[in-house]
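Working notes, beginning with the structure itself.
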Amino acid sequence: MQVIKYVFQPHGDDRGQLIALEEFKDIPFQIKRVYYMYDTGKKVTRGCHAHRSLEQILICIHGSCTVRLDDGKETKTVPLERPYEGLYVSGNMWREMYGFSEDAVLMVLASELYDESDYIRDYDEFLKIAEKNRDGRKG
Ligand code: T46
């Protein structure tokens, strides 16, 4: 599994830092939705699902957290602790976010509007779809 982390260019000067993100330039898709989570409990695990086709970039713009990605064959653990780093997460990737610091703000840029029917919440169903996709790519 390839982990794709974007490192964004900060525009810094003596006042501090600023990061600008433009669709198709800094972000590889059209940004249709932005959401963010904060005040996440220390012991909480969020996510625990995959998507059918949604693409997202996860940016911990304050504090830190960890993302576990699972493509049905392999698992990778990715720390997010810098506001200028973005983790690309394609659909069909089981994701779990945990280890939130008290001050963590996790912002997500998404390629589609919110659509509950795009969620795969059952891990066994996810494994079946992931296997099917792998077979499809082979043949
Ligand atoms: C994902 C990970 C990284 C909305 O009404 N609109 C939205 O755009 C979103 C994302 C959520 N919601 C509502 C649905 C739930 O009642 O907010 C509530 C919490 O959402 P959820 O339990 O899905 O949050 P997470 O942190 O488990 O997952 C979220 C995204 O849903 C998901 O797409 O990939 O963050």
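Chain lettering (A, B, ...) mirrors the order of the structure tokens, residue numbering begins at 1 for each chain separately, and ligand numbering begins at 1 in order of display.
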- Item | Non-local contacts of His11 in chain A (12 Å; only C-alpha atoms; under 5 positions in same chain excluded) as a list in words |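 Counting only C-alpha atoms, the residues come to Gly16, Gln17, Leu18, Ile19, Ala20, Leu21 and Tyr84 of chain A.
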- Mind checking DSSP for range 4-137 of chain A and telling me the helix (DSSP H, G or I) residues as a PyMOL selection string? chain A and resi 116-118+123-137
- Task: Name the residues, by chain letter and number, that sit within 9 Å of ligand 1 using only C-alpha atoms and all ligand atoms, and give them as number ranges by chain.
- Result: A: 33-37, 45-51, 54-58, 67, 89, 91, 94-97, 106-108, 110, 113-116, 118-119
Excluding range 129-134 of chain A and residues on its chain fewer than 2 positions from it, collect all residues at most 9 Å away from it, counting only C-alpha atoms, and give them as a PDB file with N, CA, C and O atoms, in the first residue's frame.
```
ATOM      1  N   ARG A  52     -17.143   4.126  -0.965  1.00  0.00           N
ATOM      2  CA  ARG A  52     -17.159   3.490  -2.286  1.00  0.00           C
ATOM      3  C   ARG A  52     -16.317   4.290  -3.262  1.00  0.00           C
ATOM      4  O   ARG A  52     -15.507   3.731  -3.989  1.00  0.00           O
ATOM      5  N   ASP A  71      -6.166  -1.408   3.415  1.00  0.00           N
ATOM      6  CA  ASP A  71      -6.707  -1.613   2.068  1.00  0.00           C
ATOM      7  C   ASP A  71      -7.275  -3.019   1.888  1.00  0.00           C
ATOM      8  O   ASP A  71      -7.559  -3.451   0.773  1.00  0.00           O
ATOM      9  N   GLY A  72      -7.408  -3.748   2.996  1.00  0.00           N
ATOM     10  CA  GLY A  72      -7.957  -5.102   2.948  1.00  0.00           C
ATOM     11  C   GLY A  72      -6.871  -6.152   2.901  1.00  0.00           C
ATOM     12  O   GLY A  72      -7.124  -7.345   3.064  1.00  0.00           O
ATOM     13  N   LYS A  73      -5.648  -5.697   2.661  1.00  0.00           N
ATOM     14  CA  LYS A  73      -4.522  -6.626   2.575  1.00  0.00           C
ATOM     15  C   LYS A  73      -3.414  -6.204   3.526  1.00  0.00           C
ATOM     16  O   LYS A  73      -2.733  -7.001   4.129  1.00  0.00           O
ATOM     17  N   ASN A  92     -12.616   3.110  -0.626  1.00  0.00           N
ATOM     18  CA  ASN A  92     -12.163   1.738  -0.524  1.00  0.00           C
ATOM     19  C   ASN A  92     -10.905   1.547   0.312  1.00  0.00           C
ATOM     20  O   ASN A  92     -10.059   0.705   0.009  1.00  0.00           O
ATOM     21  N   MET A  93     -10.763   2.397   1.278  1.00  0.00           N
ATOM     22  CA  MET A  93      -9.663   2.294   2.234  1.00  0.00           C
ATOM     23  C   MET A  93     -10.321   2.399   3.612  1.00  0.00           C
ATOM     24  O   MET A  93     -10.932   3.431   3.921  1.00  0.00           O
ATOM     25  N   ASP A 124     -16.547  -6.803   6.959  1.00  0.00           N
ATOM     26  CA  ASP A 124     -16.548  -7.980   6.072  1.00  0.00           C
ATOM     27  C   ASP A 124     -16.961  -7.597   4.651  1.00  0.00           C
ATOM     28  O   ASP A 124     -16.394  -8.096   3.678  1.00  0.00           O
ATOM     29  N   GLU A 125     -17.933  -6.695   4.571  1.00  0.00           N
ATOM     30  CA  GLU A 125     -18.343  -6.220   3.238  1.00  0.00           C
ATOM     31  C   GLU A 125     -17.183  -5.474   2.579  1.00  0.00           C
ATOM     32  O   GLU A 125     -16.906  -5.649   1.391  1.00  0.00           O
ATOM     33  N   PHE A 126     -16.487  -4.673   3.380  1.00  0.00           N
ATOM     34  CA  PHE A 126     -15.324  -3.936   2.867  1.00  0.00           C
ATOM     35  C   PHE A 126     -14.273  -4.903   2.315  1.00  0.00           C
ATOM     36  O   PHE A 126     -13.732  -4.700   1.215  1.00  0.00           O
ATOM     37  N   LEU A 127     -13.998  -5.981   3.065  1.00  0.00           N
ATOM     38  CA  LEU A 127     -12.982  -6.952   2.616  1.00  0.00           C
ATOM     39  C   LEU A 127     -13.385  -7.587   1.284  1.00  0.00           C
ATOM     40  O   LEU A 127     -12.548  -7.775   0.394  1.00  0.00           O
ATOM     41  N   GLY A 136     -10.291  -7.409 -10.073  1.00  0.00           N
ATOM     42  CA  GLY A 136     -10.625  -6.622 -11.265  1.00  0.00           C
ATOM     43  C   GLY A 136      -9.386  -5.999 -11.880  1.00  0.00           C
ATOM     44  O   GLY A 136      -9.214  -5.985 -13.087  1.00  0.00           O
ATOM     45  N   ARG A 137      -8.499  -5.492 -11.003  1.00  0.00           N
ATOM     46  CA  ARG A 137      -7.272  -4.854 -11.489  1.00  0.00           C
ATOM     47  C   ARG A 137      -6.346  -5.880 -12.129  1.00  0.00           C
ATOM     48  O   ARG A 137      -5.664  -5.584 -13.095  1.00  0.00           O
ATOM     49  N   LYS A 138      -6.335  -7.125 -11.567  1.00  0.00           N
ATOM     50  CA  LYS A 138      -5.455  -8.191 -12.095  1.00  0.00           C
ATOM     51  C   LYS A 138      -5.891  -8.596 -13.496  1.00  0.00           C
ATOM     52  O   LYS A 138      -5.106  -8.787 -14.375  1.00  0.00           O
ATOM     53  N   GLY A 139      -7.245  -8.820 -13.620  1.00  0.00           N
ATOM     54  CA  GLY A 139      -7.748  -9.373 -14.873  1.00  0.00           C
ATOM     55  C   GLY A 139      -8.158  -8.253 -15.795  1.00  0.00           C
ATOM     56  O   GLY A 139      -8.616  -8.402 -16.860  1.00  0.00           O
TER      57      GLY A 139
END
```
- Please, what distance in Å, to one decimal, runs between CA of Lys42 in chain A and CA of Arg82 in chain A?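 According to the coordinates, CA of Lys42 in chain A and CA of Arg82 in chain A are separated by 18.5 Å.
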- Message: Applying 12 Å and only C-alpha atoms, which residues near Val44 in chain A remain after dropping the ones on its own chain fewer than 4 positions away? List them as a list in words.
- Response: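 Answer for this query is Tyr38, Asp39, Thr40, Cys48, Cys65, Thr66, Glu96, Met97, Tyr98, Gly99, Phe100, Ser101 and Glu102 of chain A.
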- Item | Residue nearest Val105 in chain A among A:Cys60, A:Met1, A:Leu87, A:Ile31 (counting only C-alpha atoms) |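 The answer is A:Cys60, which sits nearest to Val105 in chain A.
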- Using only C-alpha atoms, pick whichever of A:Ala104, A:Tyr88, A:Lys128, A:Ile61 has the shortest atom-to-atom distance to Lys5 in chain A. A:Tyr88
